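Report on one structure; see the data block that follows.
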Protein chains: 2
Amino acid sequence: MGEAMERYFIKPGEKVRLKDWSPDPPKDFEGDKESTRAAVAELNRKLEVLQERLYAERKHKVLVILQGMDTSGKDGVIRSVFEGVNPQGVKVANFKVPTQEELDHDYLWRVHKVVPGKGEIVIFNRSHYEDVLVVRVHNLVPPEVWKKRYEQINQFERLLHETGTTILKFFLFISREEQKQRLLERLADPAKHWKFNPGDLKERALWEEYEKAYEDVLSRTSTEYAPWILVPADKKWYRDWVISRVLVETLEGLEIQLPPPLADAETYRRQLLEEDAPESR
Amino acid sequence: MGEAMERYFIKPGEKVRLKDWSPDPPKDFEGDKESTRAAVAELNRKLEVLQERLYAERKHKVLVILQGMDTSGKDGVIRSVFEGVNPQGVKVANFKVPTQEELDHDYLWRVHKVVPGKGEIVIFNRSHYEDVLVVRVHNLVPPEVWKKRYEQINQFERLLHETGTTILKFFLFISREEQKQRLLERLADPAKHWKFNPGDLKERALWEEYEKAYEDVLSRTSTEYAPWILVPADKKWYRDWVISRVLVETLEGLEIQLPPPLADAETYRRQLLEEDAPESR
């Protein structure tokens with residue numbers, strides 16, 4: 001991973017306090033909105049090629065987890081970072097309020113069903129981390145239950161890693177003020193009202209509790225094999241650029257190889273070319 | 001549907017003979033490769049907007065079925081027609097050789113599981129039609145079994161239609177000669193060998209049998225509520241244009257409405273703006 005991105009990777013065991021981090025691009029960042037958007041478009045094209053090779057090789061599995069407060073841009077990332085990629089190679093899994101059947105199983109049951117297979121990229125829009133976030137903040141299970149989950153999640157992700165899955169977990173970090181602006185924007189435009197959920201205001205009132213819950217997630221579940229990347233997300237263009245860079249650099253690091261050429265291509269070629277000869281029909 | 005596209009819709013009850021159809025653009029078609037590609041890009045942008053509205057409205061369900069001989073361009077259509085669309089709103093379902101569990105159920109069981117929900121577009125890359133195509137050509141079940149399936153499929157699709165699903169079925173029509181050229185291209189370039197499946201040559205040898213099976217599919221399962229569109233597919237750019245046009249015109253015809261504006265937007269707005277006042281915390 002290039003040095004520019006390295007700084008956003010949470011080191012295993014690192015104690016994260018969000019007030020030490022900025023939701024804005026660093027002061028020494030040289031790009032502006034326009035040049036960075038152009039860079040993202042360039043990275044999109046690379047991602048498209050890498051995804052096709054990944055699909056062809058059918059060896060690696062790639063899991064991308066997106067987490068963040070409401071309005072932090074999870075949907076936006078899917079649109080802008082993955083839009084150019086063949087819809088056949090990328091699946092999006094949304095984790096909504098669990099159904100009764102899902103609640104009757106352990107919380108990783110529904111998650112395990114949709115992890116990527118060989119050659120696939122799966123994006124989790126929210127994930128099993130909600131089981132130590134919303135579940136904790138709203139006291140949906142007692143502390144002795146959710147506290148065990150950090151280690152359970154680490155072991156689950158270790159299993160995925162040891163069986164060929166590359167895992168990238170992005171925390172989209174926005175400020176409370178930026179969330180307010182984004183909610184106001186949705187309310188100001190009737191055509192955007194459908195994106196506004198009155199429940200978001202109730203969750204917003206629990207901002208500090210969510211920050212604390214996220215700090216524990218980042219501190220306890222960033223591992224060598226499934227790192228958290230803390231993405232400054234107040235500026236959408238910078239957020240998209242960080243995620244695109246990390247994705248492209250990670251996929252490049254997999255050194256994906258196309259399957260070897262066919263040994264008998266010439267035989268097949270001759271078969272096709274000769275098929276109109278009378279004896280072949 | 002505009003007149004230009006109307007001609008490719010198979011009328012219910014119409015007896016289709018493929019030799020009466022052309023895999024090429026019509027002689028009176030005024031576009032060329034370049035101008036048509038530009039038109040497709042324009043349609044892509046419309047599709048993107050329509051898909052977002054569809055997702056917001058959460059009322060209609062859209063099922064797109066792609067069928068055609070090997071190399072006819074099913075994957076290519078998914079890439080070029082749907083690439084610009086938010087991956088979150090479009091799912092691709094691939095139907096491979098059935099698993100044992102799938103074989104232990106009726107042939108529509110695995111299909112029903114993945115039909116679109118409200119606000120979704122699902123693309124079937126191959127479909128339940130393989131159960132009257134490859135299954136018939138290879139005698140995998142006796143004729144008295146597959147012959148019943150046309151009506152079963154019509155009734156299944158009627159159910160989907162009556163419960164809110166818009167169904168479009170595209171048959172990508174290529175000539176035998178064009179398939180030969182495409183297979184030769186794959187064999188000529190070692191980087192494309194992975195796309196070549198030696199089994200394709202065995203299927204190609206059964207070309208007439210497949211044509212006959214497709215003629216029966218088109219003649220027996222094109223209905224008002226789930227029409228087949230016969231797409232001339234020897235020219236990729238024309239194929240993409242026809243499919244994009246039909247999709248965009250069909251979605252426009254749904255007259256998708258965004259959900260009504262919130263009645264209490266102003267209340268929420270004030271709540272957000274006043275939250276920093278001491279009494280609100």
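Letters A, B, ... go to the chains of the structure tokens in the order shown; residues in each chain start at 1; ligands are counted from 1 in the same order.
Residues of segment 77-134 of chain A carrying a DSSP assignment of helix (DSSP H, G or I), computed from the backbone, are Val77, Ile78, Arg79, Ser80, Val81, Phe82, Gln100, Glu101, Glu102, Leu103, Trp109, Arg110, Val111, His112, His128, Tyr129, Glu130, Asp131, Val132 and Val134 of chain A.
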Residues of chain B within 7 Å of chain A: nearest atom pair and distance (Å, one decimal) for each, counting only C-alpha atoms, sorted by chain and number, as CSV?
residue,atom,partner,partner_atom,distance
B:Ala56,CA,A:Trp194,CA,6.7
B:Ile78,CA,A:Pro87,CA,6.9
B:Arg79,CA,A:Asn86,CA,5.1
B:Glu83,CA,A:Gly84,CA,5.6
B:Gly84,CA,A:Glu83,CA,5.6
B:Val85,CA,A:Glu83,CA,6.4
B:Asn86,CA,A:Arg79,CA,5.1
B:Pro87,CA,A:Pro87,CA,6.0
B:Gln88,CA,A:Val92,CA,5.8
B:Val92,CA,A:Gln88,CA,5.9
B:Lys180,CA,A:Leu272,CA,6.8
B:Leu184,CA,A:Arg269,CA,6.2
B:Leu187,CA,A:Ala265,CA,5.8
B:Pro190,CA,A:Pro261,CA,5.0
B:Ala191,CA,A:Pro261,CA,7.0
B:His193,CA,A:Pro261,CA,5.6
B:Trp194,CA,A:Pro259,CA,6.2
B:Pro259,CA,A:Trp194,CA,6.2
B:Pro261,CA,A:Pro190,CA,5.0
B:Leu262,CA,A:His193,CA,6.2
B:Ala265,CA,A:Leu187,CA,5.8
B:Arg269,CA,A:Leu184,CA,6.3
B:Leu272,CA,A:Lys180,CA,6.8
Quick one: distance from atom CA of Thr223 of chain A to atom CA of Ile10 of chain A in Å, one decimal?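 Straight-line distance from atom CA of Thr223 of chain A to atom CA of Ile10 of chain A works out to 8.3 Å.
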Report the closest atom pair, with its distance in Å rounded to one decimal, for each residue of segment 70-110 of chain B that has an atom no farther than 12 Å from segment 146-165 of chain B; count only C-alpha atoms, sort by chain and then rising residue number, and write it as JSON lines.
{"residue": "B:Asp106", "atom": "CA", "partner": "B:Arg149", "partner_atom": "CA", "distance": 10.8}
{"residue": "B:Tyr107", "atom": "CA", "partner": "B:Arg149", "partner_atom": "CA", "distance": 9.4}
{"residue": "B:Leu108", "atom": "CA", "partner": "B:Ile153", "partner_atom": "CA", "distance": 8.3}
{"residue": "B:Trp109", "atom": "CA", "partner": "B:Phe156", "partner_atom": "CA", "distance": 10.8}
Considering only C-alpha atoms, return as an MDAnalysis selection string whatever protein or nucleic-acid residues lie within 10 Å of Leu172 of chain B, sequence-local ones (same chain, fewer than 2 positions apart) excluded. chainID B and resid 23 66:74 77 169:170 174 229:234 239 243
According to DSSP computed on the backbone, where in segment 16-222 of chain B is there strand (DSSP E or B)? Give the residues as a list in words. Lys61, Val62, Leu63, Val64, Ile65, Leu66, Gln67, Gly68, Val90, Lys91, Val92, Ala93, Asn94, Ile121, Val122, Ile123, Phe124, Asn125, Thr165, Thr166, Ile167, Leu168, Lys169, Phe170, Phe171, Leu172 and Phe173 of chain B
Go ahead and write the selection's residues with N, CA, C and O atoms as an mmCIF file, in the first residue's frame.
data_model
loop_
_atom_site.group_PDB
_atom_site.id
_atom_site.type_symbol
_atom_site.label_atom_id
_atom_site.label_comp_id
_atom_site.auth_asym_id
_atom_site.auth_seq_id
_atom_site.Cartn_x
_atom_site.Cartn_y
_atom_site.Cartn_z
ATOM 1 N N LYS B 61 -41.360 -3.899 -10.280
ATOM 2 C CA LYS B 61 -40.273 -4.883 -10.296
ATOM 3 C C LYS B 61 -39.955 -5.145 -11.762
ATOM 4 O O LYS B 61 -40.885 -5.271 -12.563
ATOM 5 N N VAL B 62 -38.692 -5.216 -12.109
ATOM 6 C CA VAL B 62 -38.335 -5.378 -13.526
ATOM 7 C C VAL B 62 -37.444 -6.606 -13.717
ATOM 8 O O VAL B 62 -36.405 -6.738 -13.070
ATOM 9 N N LEU B 63 -37.889 -7.489 -14.590
ATOM 10 C CA LEU B 63 -37.135 -8.703 -14.888
ATOM 11 C C LEU B 63 -36.707 -8.685 -16.350
ATOM 12 O O LEU B 63 -37.548 -8.587 -17.246
ATOM 13 N N VAL B 64 -35.410 -8.759 -16.565
ATOM 14 C CA VAL B 64 -34.845 -8.777 -17.919
ATOM 15 C C VAL B 64 -34.226 -10.150 -18.151
ATOM 16 O O VAL B 64 -33.336 -10.557 -17.400
ATOM 17 N N ILE B 65 -34.707 -10.845 -19.153
ATOM 18 C CA ILE B 65 -34.181 -12.178 -19.438
ATOM 19 C C ILE B 65 -33.334 -12.130 -20.704
ATOM 20 O O ILE B 65 -33.773 -11.593 -21.726
ATOM 21 N N LEU B 66 -32.113 -12.636 -20.619
ATOM 22 C CA LEU B 66 -31.227 -12.690 -21.787
ATOM 23 C C LEU B 66 -30.997 -14.143 -22.184
ATOM 24 O O LEU B 66 -30.553 -14.953 -21.363
ATOM 25 N N GLN B 67 -31.334 -14.450 -23.416
ATOM 26 C CA GLN B 67 -31.067 -15.797 -23.942
ATOM 27 C C GLN B 67 -30.387 -15.662 -25.295
ATOM 28 O O GLN B 67 -30.566 -14.653 -25.985
ATOM 29 N N GLY B 68 -29.676 -16.673 -25.683
ATOM 30 C CA GLY B 68 -29.044 -16.686 -26.999
ATOM 31 C C GLY B 68 -27.969 -17.761 -27.043
ATOM 32 O O GLY B 68 -27.538 -18.243 -25.994
ATOM 33 N N VAL B 90 -29.283 -3.077 -9.523
ATOM 34 C CA VAL B 90 -29.345 -4.106 -10.556
ATOM 35 C C VAL B 90 -28.655 -5.372 -10.070
ATOM 36 O O VAL B 90 -27.501 -5.333 -9.673
ATOM 37 N N LYS B 91 -29.374 -6.468 -10.103
ATOM 38 C CA LYS B 91 -28.758 -7.745 -9.740
ATOM 39 C C LYS B 91 -28.716 -8.638 -10.967
ATOM 40 O O LYS B 91 -29.631 -8.632 -11.776
ATOM 41 N N VAL B 92 -27.647 -9.427 -11.066
ATOM 42 C CA VAL B 92 -27.528 -10.377 -12.162
ATOM 43 C C VAL B 92 -27.660 -11.782 -11.591
ATOM 44 O O VAL B 92 -26.991 -12.119 -10.620
ATOM 45 N N ALA B 93 -28.546 -12.579 -12.153
ATOM 46 C CA ALA B 93 -28.676 -13.976 -11.736
ATOM 47 C C ALA B 93 -28.178 -14.866 -12.860
ATOM 48 O O ALA B 93 -28.642 -14.764 -13.997
ATOM 49 N N ASN B 94 -27.196 -15.691 -12.554
ATOM 50 C CA ASN B 94 -26.663 -16.638 -13.530
ATOM 51 C C ASN B 94 -27.221 -18.020 -13.237
ATOM 52 O O ASN B 94 -27.208 -18.441 -12.088
ATOM 53 N N ILE B 121 -34.210 -4.141 -10.410
ATOM 54 C CA ILE B 121 -34.055 -4.703 -11.759
ATOM 55 C C ILE B 121 -33.203 -5.957 -11.604
ATOM 56 O O ILE B 121 -32.118 -5.899 -11.021
ATOM 57 N N VAL B 122 -33.706 -7.081 -12.061
ATOM 58 C CA VAL B 122 -32.903 -8.303 -12.051
ATOM 59 C C VAL B 122 -32.704 -8.760 -13.489
ATOM 60 O O VAL B 122 -33.652 -8.776 -14.281
ATOM 61 N N ILE B 123 -31.459 -9.071 -13.811
ATOM 62 C CA ILE B 123 -31.133 -9.585 -15.142
ATOM 63 C C ILE B 123 -30.861 -11.073 -15.033
ATOM 64 O O ILE B 123 -30.013 -11.488 -14.231
ATOM 65 N N PHE B 124 -31.575 -11.855 -15.799
ATOM 66 C CA PHE B 124 -31.286 -13.291 -15.871
ATOM 67 C C PHE B 124 -30.319 -13.524 -17.035
ATOM 68 O O PHE B 124 -30.671 -13.281 -18.186
ATOM 69 N N ASN B 125 -29.120 -13.992 -16.726
ATOM 70 C CA ASN B 125 -28.158 -14.401 -17.743
ATOM 71 C C ASN B 125 -28.390 -15.896 -17.950
ATOM 72 O O ASN B 125 -27.925 -16.705 -17.159
ATOM 73 N N THR B 165 -44.650 -7.309 -11.779
ATOM 74 C CA THR B 165 -43.360 -7.417 -12.466
ATOM 75 C C THR B 165 -43.488 -7.107 -13.949
ATOM 76 O O THR B 165 -44.379 -7.633 -14.624
ATOM 77 N N THR B 166 -42.623 -6.247 -14.421
ATOM 78 C CA THR B 166 -42.500 -5.971 -15.846
ATOM 79 C C THR B 166 -41.437 -6.911 -16.398
ATOM 80 O O THR B 166 -40.315 -6.942 -15.895
ATOM 81 N N ILE B 167 -41.798 -7.682 -17.400
ATOM 82 C CA ILE B 167 -40.884 -8.712 -17.918
ATOM 83 C C ILE B 167 -40.513 -8.407 -19.364
ATOM 84 O O ILE B 167 -41.391 -8.150 -20.192
ATOM 85 N N LEU B 168 -39.212 -8.414 -19.650
ATOM 86 C CA LEU B 168 -38.714 -8.259 -21.020
ATOM 87 C C LEU B 168 -37.770 -9.414 -21.309
ATOM 88 O O LEU B 168 -36.830 -9.653 -20.550
ATOM 89 N N LYS B 169 -38.018 -10.104 -22.403
ATOM 90 C CA LYS B 169 -37.195 -11.271 -22.724
ATOM 91 C C LYS B 169 -36.498 -11.024 -24.062
ATOM 92 O O LYS B 169 -37.164 -10.864 -25.090
ATOM 93 N N PHE B 170 -35.184 -10.974 -24.019
ATOM 94 C CA PHE B 170 -34.415 -10.677 -25.229
ATOM 95 C C PHE B 170 -33.743 -11.942 -25.761
ATOM 96 O O PHE B 170 -32.976 -12.589 -25.045
ATOM 97 N N PHE B 171 -34.031 -12.259 -27.015
ATOM 98 C CA PHE B 171 -33.306 -13.346 -27.681
ATOM 99 C C PHE B 171 -32.246 -12.712 -28.575
ATOM 100 O O PHE B 171 -32.565 -11.994 -29.526
ATOM 101 N N LEU B 172 -31.001 -12.951 -28.246
ATOM 102 C CA LEU B 172 -29.899 -12.375 -29.018
ATOM 103 C C LEU B 172 -29.628 -13.292 -30.206
ATOM 104 O O LEU B 172 -29.096 -14.393 -30.042
ATOM 105 N N PHE B 173 -30.006 -12.821 -31.371
ATOM 106 C CA PHE B 173 -29.982 -13.652 -32.573
ATOM 107 C C PHE B 173 -28.699 -13.429 -33.367
ATOM 108 O O PHE B 173 -28.494 -12.368 -33.949
#
What's around segment 27-42 of chain B at 10 Å? Count only C-alpha atoms, leave out sequence neighbours fewer than 2 positions away in its own chain, and write the answer as an mmCIF file with all heavy atoms, in the first residue's frame.
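Done, and the output landed in around-v6.cif:
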data_model
loop_
_atom_site.group_PDB
_atom_site.id
_atom_site.type_symbol
_atom_site.label_atom_id
_atom_site.label_comp_id
_atom_site.auth_asym_id
_atom_site.auth_seq_id
_atom_site.Cartn_x
_atom_site.Cartn_y
_atom_site.Cartn_z
ATOM 1 N N ALA B 4 -39.838 1.778 -34.428
ATOM 2 C CA ALA B 4 -38.562 1.154 -34.777
ATOM 3 C C ALA B 4 -38.318 -0.124 -33.974
ATOM 4 O O ALA B 4 -37.729 -1.081 -34.461
ATOM 5 C CB ALA B 4 -37.414 2.137 -34.540
ATOM 6 N N ASP B 24 -28.791 -9.029 -38.784
ATOM 7 C CA ASP B 24 -28.120 -7.749 -39.091
ATOM 8 C C ASP B 24 -29.076 -6.576 -38.921
ATOM 9 O O ASP B 24 -30.289 -6.752 -38.951
ATOM 10 C CB ASP B 24 -27.601 -7.774 -40.530
ATOM 11 C CG ASP B 24 -26.287 -8.516 -40.621
ATOM 12 O OD1 ASP B 24 -25.382 -8.200 -39.820
ATOM 13 O OD2 ASP B 24 -26.180 -9.415 -41.479
ATOM 14 N N PRO B 25 -28.529 -5.371 -38.794
ATOM 15 C CA PRO B 25 -29.393 -4.182 -38.761
ATOM 16 C C PRO B 25 -30.192 -4.117 -40.060
ATOM 17 O O PRO B 25 -29.714 -4.586 -41.105
ATOM 18 C CB PRO B 25 -28.400 -3.013 -38.683
ATOM 19 C CG PRO B 25 -27.117 -3.601 -38.196
ATOM 20 C CD PRO B 25 -27.096 -5.008 -38.683
ATOM 21 N N ASN B 44 -27.932 5.087 -21.936
ATOM 22 C CA ASN B 44 -27.384 4.654 -20.638
ATOM 23 C C ASN B 44 -27.668 5.681 -19.562
ATOM 24 O O ASN B 44 -28.027 5.341 -18.436
ATOM 25 C CB ASN B 44 -25.855 4.494 -20.714
ATOM 26 C CG ASN B 44 -25.455 3.150 -21.288
ATOM 27 O OD1 ASN B 44 -26.319 2.295 -21.524
ATOM 28 N ND2 ASN B 44 -24.176 2.963 -21.519
ATOM 29 N N ARG B 45 -27.450 6.954 -19.914
ATOM 30 C CA ARG B 45 -27.674 8.008 -18.925
ATOM 31 C C ARG B 45 -29.144 8.087 -18.535
ATOM 32 O O ARG B 45 -29.481 8.277 -17.373
ATOM 33 C CB ARG B 45 -27.159 9.351 -19.459
ATOM 34 C CG ARG B 45 -25.633 9.485 -19.327
ATOM 35 C CD ARG B 45 -25.154 10.888 -19.654
ATOM 36 N NE ARG B 45 -25.258 11.166 -21.078
ATOM 37 C CZ ARG B 45 -24.334 10.843 -21.990
ATOM 38 N NH1 ARG B 45 -23.232 10.236 -21.616
ATOM 39 N NH2 ARG B 45 -24.515 11.134 -23.264
ATOM 40 N N LYS B 46 -30.019 7.902 -19.525
ATOM 41 C CA LYS B 46 -31.462 7.885 -19.213
ATOM 42 C C LYS B 46 -31.798 6.700 -18.305
ATOM 43 O O LYS B 46 -32.584 6.824 -17.364
ATOM 44 C CB LYS B 46 -32.283 7.774 -20.505
ATOM 45 C CG LYS B 46 -32.362 9.048 -21.294
ATOM 46 C CD LYS B 46 -33.444 8.941 -22.367
ATOM 47 C CE LYS B 46 -33.453 10.181 -23.231
ATOM 48 N NZ LYS B 46 -34.401 10.079 -24.350
ATOM 49 N N LEU B 47 -31.194 5.567 -18.614
ATOM 50 C CA LEU B 47 -31.463 4.353 -17.840
ATOM 51 C C LEU B 47 -31.042 4.547 -16.386
ATOM 52 O O LEU B 47 -31.723 4.104 -15.450
ATOM 53 C CB LEU B 47 -30.691 3.181 -18.466
ATOM 54 C CG LEU B 47 -30.986 1.796 -17.917
ATOM 55 C CD1 LEU B 47 -32.460 1.432 -18.097
ATOM 56 C CD2 LEU B 47 -30.120 0.747 -18.618
ATOM 57 N N SER B 80 -22.270 -3.546 -21.394
ATOM 58 C CA SER B 80 -22.410 -2.251 -22.083
ATOM 59 C C SER B 80 -23.738 -1.554 -21.824
ATOM 60 O O SER B 80 -23.786 -0.338 -21.817
ATOM 61 C CB SER B 80 -22.145 -2.357 -23.586
ATOM 62 O OG SER B 80 -22.349 -3.648 -24.077
ATOM 63 N N VAL B 81 -24.801 -2.304 -21.588
ATOM 64 C CA VAL B 81 -26.093 -1.655 -21.388
ATOM 65 C C VAL B 81 -26.291 -1.238 -19.925
ATOM 66 O O VAL B 81 -26.886 -0.217 -19.640
ATOM 67 C CB VAL B 81 -27.255 -2.567 -21.859
ATOM 68 C CG1 VAL B 81 -28.615 -1.961 -21.529
ATOM 69 C CG2 VAL B 81 -27.138 -2.843 -23.359
ATOM 70 N N GLY B 84 -23.395 1.668 -16.586
ATOM 71 C CA GLY B 84 -23.494 2.968 -15.931
ATOM 72 C C GLY B 84 -24.486 2.981 -14.778
ATOM 73 O O GLY B 84 -24.584 3.964 -14.054
ATOM 74 N N LYS B 235 -24.162 -7.525 -35.088
ATOM 75 C CA LYS B 235 -23.432 -6.270 -34.823
ATOM 76 C C LYS B 235 -23.668 -5.883 -33.367
ATOM 77 O O LYS B 235 -24.793 -5.575 -32.982
ATOM 78 C CB LYS B 235 -23.924 -5.145 -35.739
ATOM 79 C CG LYS B 235 -23.695 -5.400 -37.219
ATOM 80 C CD LYS B 235 -22.266 -5.105 -37.618
ATOM 81 C CE LYS B 235 -22.037 -5.366 -39.097
ATOM 82 N NZ LYS B 235 -21.999 -6.842 -39.422
ATOM 83 N N LYS B 236 -22.598 -5.863 -32.587
ATOM 84 C CA LYS B 236 -22.759 -5.614 -31.147
ATOM 85 C C LYS B 236 -23.385 -4.255 -30.871
ATOM 86 O O LYS B 236 -24.195 -4.106 -29.968
ATOM 87 C CB LYS B 236 -21.405 -5.727 -30.449
ATOM 88 C CG LYS B 236 -20.836 -7.134 -30.486
ATOM 89 C CD LYS B 236 -19.422 -7.207 -29.922
ATOM 90 C CE LYS B 236 -18.877 -8.621 -30.101
ATOM 91 N NZ LYS B 236 -17.458 -8.743 -29.707
ATOM 92 N N TRP B 237 -22.991 -3.249 -31.646
ATOM 93 C CA TRP B 237 -23.495 -1.900 -31.397
ATOM 94 C C TRP B 237 -24.981 -1.815 -31.680
ATOM 95 O O TRP B 237 -25.706 -1.129 -30.975
ATOM 96 C CB TRP B 237 -22.708 -0.871 -32.209
ATOM 97 C CG TRP B 237 -22.482 -1.213 -33.660
ATOM 98 C CD1 TRP B 237 -21.430 -1.938 -34.157
ATOM 99 C CD2 TRP B 237 -23.316 -0.885 -34.773
ATOM 100 N NE1 TRP B 237 -21.564 -2.073 -35.524
ATOM 101 C CE2 TRP B 237 -22.705 -1.437 -35.938
ATOM 102 C CE3 TRP B 237 -24.497 -0.189 -34.928
ATOM 103 C CZ2 TRP B 237 -23.247 -1.316 -37.214
ATOM 104 C CZ3 TRP B 237 -25.053 -0.055 -36.211
ATOM 105 C CH2 TRP B 237 -24.429 -0.620 -37.331
ATOM 106 N N TYR B 238 -25.454 -2.542 -32.699
ATOM 107 C CA TYR B 238 -26.892 -2.495 -32.992
ATOM 108 C C TYR B 238 -27.668 -3.257 -31.908
ATOM 109 O O TYR B 238 -28.706 -2.807 -31.428
ATOM 110 C CB TYR B 238 -27.169 -3.093 -34.383
ATOM 111 C CG TYR B 238 -28.600 -2.869 -34.820
ATOM 112 C CD1 TYR B 238 -29.029 -1.614 -35.221
ATOM 113 C CD2 TYR B 238 -29.529 -3.916 -34.809
ATOM 114 C CE1 TYR B 238 -30.357 -1.389 -35.600
ATOM 115 C CE2 TYR B 238 -30.854 -3.705 -35.189
ATOM 116 C CZ TYR B 238 -31.256 -2.435 -35.582
ATOM 117 O OH TYR B 238 -32.568 -2.222 -35.947
ATOM 118 N N ASP B 240 -26.839 -3.646 -28.773
ATOM 119 C CA ASP B 240 -26.902 -2.828 -27.551
ATOM 120 C C ASP B 240 -27.925 -1.704 -27.684
ATOM 121 O O ASP B 240 -28.624 -1.378 -26.732
ATOM 122 C CB ASP B 240 -25.525 -2.217 -27.241
ATOM 123 C CG ASP B 240 -24.526 -3.272 -26.807
ATOM 124 O OD1 ASP B 240 -24.941 -4.393 -26.467
ATOM 125 O OD2 ASP B 240 -23.311 -2.972 -26.815
ATOM 126 N N TRP B 241 -28.002 -1.153 -28.882
ATOM 127 C CA TRP B 241 -28.928 -0.052 -29.108
ATOM 128 C C TRP B 241 -30.371 -0.517 -28.992
ATOM 129 O O TRP B 241 -31.200 0.123 -28.331
ATOM 130 C CB TRP B 241 -28.663 0.562 -30.491
ATOM 131 C CG TRP B 241 -29.534 1.712 -30.840
ATOM 132 C CD1 TRP B 241 -29.465 2.978 -30.336
ATOM 133 C CD2 TRP B 241 -30.618 1.716 -31.777
ATOM 134 N NE1 TRP B 241 -30.440 3.760 -30.906
ATOM 135 C CE2 TRP B 241 -31.162 3.018 -31.790
ATOM 136 C CE3 TRP B 241 -31.181 0.738 -32.609
ATOM 137 C CZ2 TRP B 241 -32.244 3.369 -32.601
ATOM 138 C CZ3 TRP B 241 -32.253 1.088 -33.418
ATOM 139 C CH2 TRP B 241 -32.772 2.387 -33.408
ATOM 140 N N VAL B 242 -30.691 -1.652 -29.617
ATOM 141 C CA VAL B 242 -32.067 -2.173 -29.561
ATOM 142 C C VAL B 242 -32.454 -2.440 -28.102
ATOM 143 O O VAL B 242 -33.525 -2.037 -27.640
ATOM 144 C CB VAL B 242 -32.203 -3.464 -30.400
ATOM 145 C CG1 VAL B 242 -33.538 -4.156 -30.124
ATOM 146 C CG2 VAL B 242 -32.068 -3.142 -31.886
ATOM 147 N N ILE B 243 -31.586 -3.090 -27.371
ATOM 148 C CA ILE B 243 -31.930 -3.448 -25.993
ATOM 149 C C ILE B 243 -32.064 -2.194 -25.129
ATOM 150 O O ILE B 243 -33.004 -2.064 -24.338
ATOM 151 C CB ILE B 243 -30.884 -4.433 -25.431
ATOM 152 C CG1 ILE B 243 -30.987 -5.748 -26.208
ATOM 153 C CG2 ILE B 243 -31.097 -4.666 -23.939
ATOM 154 C CD1 ILE B 243 -29.946 -6.774 -25.861
ATOM 155 N N SER B 244 -31.150 -1.238 -25.291
ATOM 156 C CA SER B 244 -31.228 0.001 -24.512
ATOM 157 C C SER B 244 -32.524 0.743 -24.822
ATOM 158 O O SER B 244 -33.194 1.238 -23.921
ATOM 159 C CB SER B 244 -30.046 0.919 -24.826
ATOM 160 O OG SER B 244 -28.836 0.294 -24.489
ATOM 161 N N ARG B 245 -32.873 0.834 -26.096
ATOM 162 C CA ARG B 245 -34.094 1.527 -26.503
ATOM 163 C C ARG B 245 -35.322 0.879 -25.872
ATOM 164 O O ARG B 245 -36.180 1.555 -25.302
ATOM 165 C CB ARG B 245 -34.259 1.477 -28.037
ATOM 166 C CG ARG B 245 -33.460 2.484 -28.825
ATOM 167 C CD ARG B 245 -34.140 3.849 -28.932
ATOM 168 N NE ARG B 245 -35.508 3.818 -29.398
ATOM 169 C CZ ARG B 245 -35.918 4.185 -30.606
ATOM 170 N NH1 ARG B 245 -35.052 4.612 -31.497
ATOM 171 N NH2 ARG B 245 -37.196 4.158 -30.921
#
Would you kindly return, as a PyMOL selection string, each protein, DNA or RNA residue with an atom no farther than 12 Å from any atom of Glu255 of chain B, considering only C-alpha atoms and excluding same-chain residues fewer than 2 positions away? chain B and resi 50+53-54+57+59-60+248-253+257-258
For atom CA of Tyr210 of chain B and atom CA of Lys11 of chain B, determine how far apart the two atoms are, in Å to one decimal place. 21.0 Å
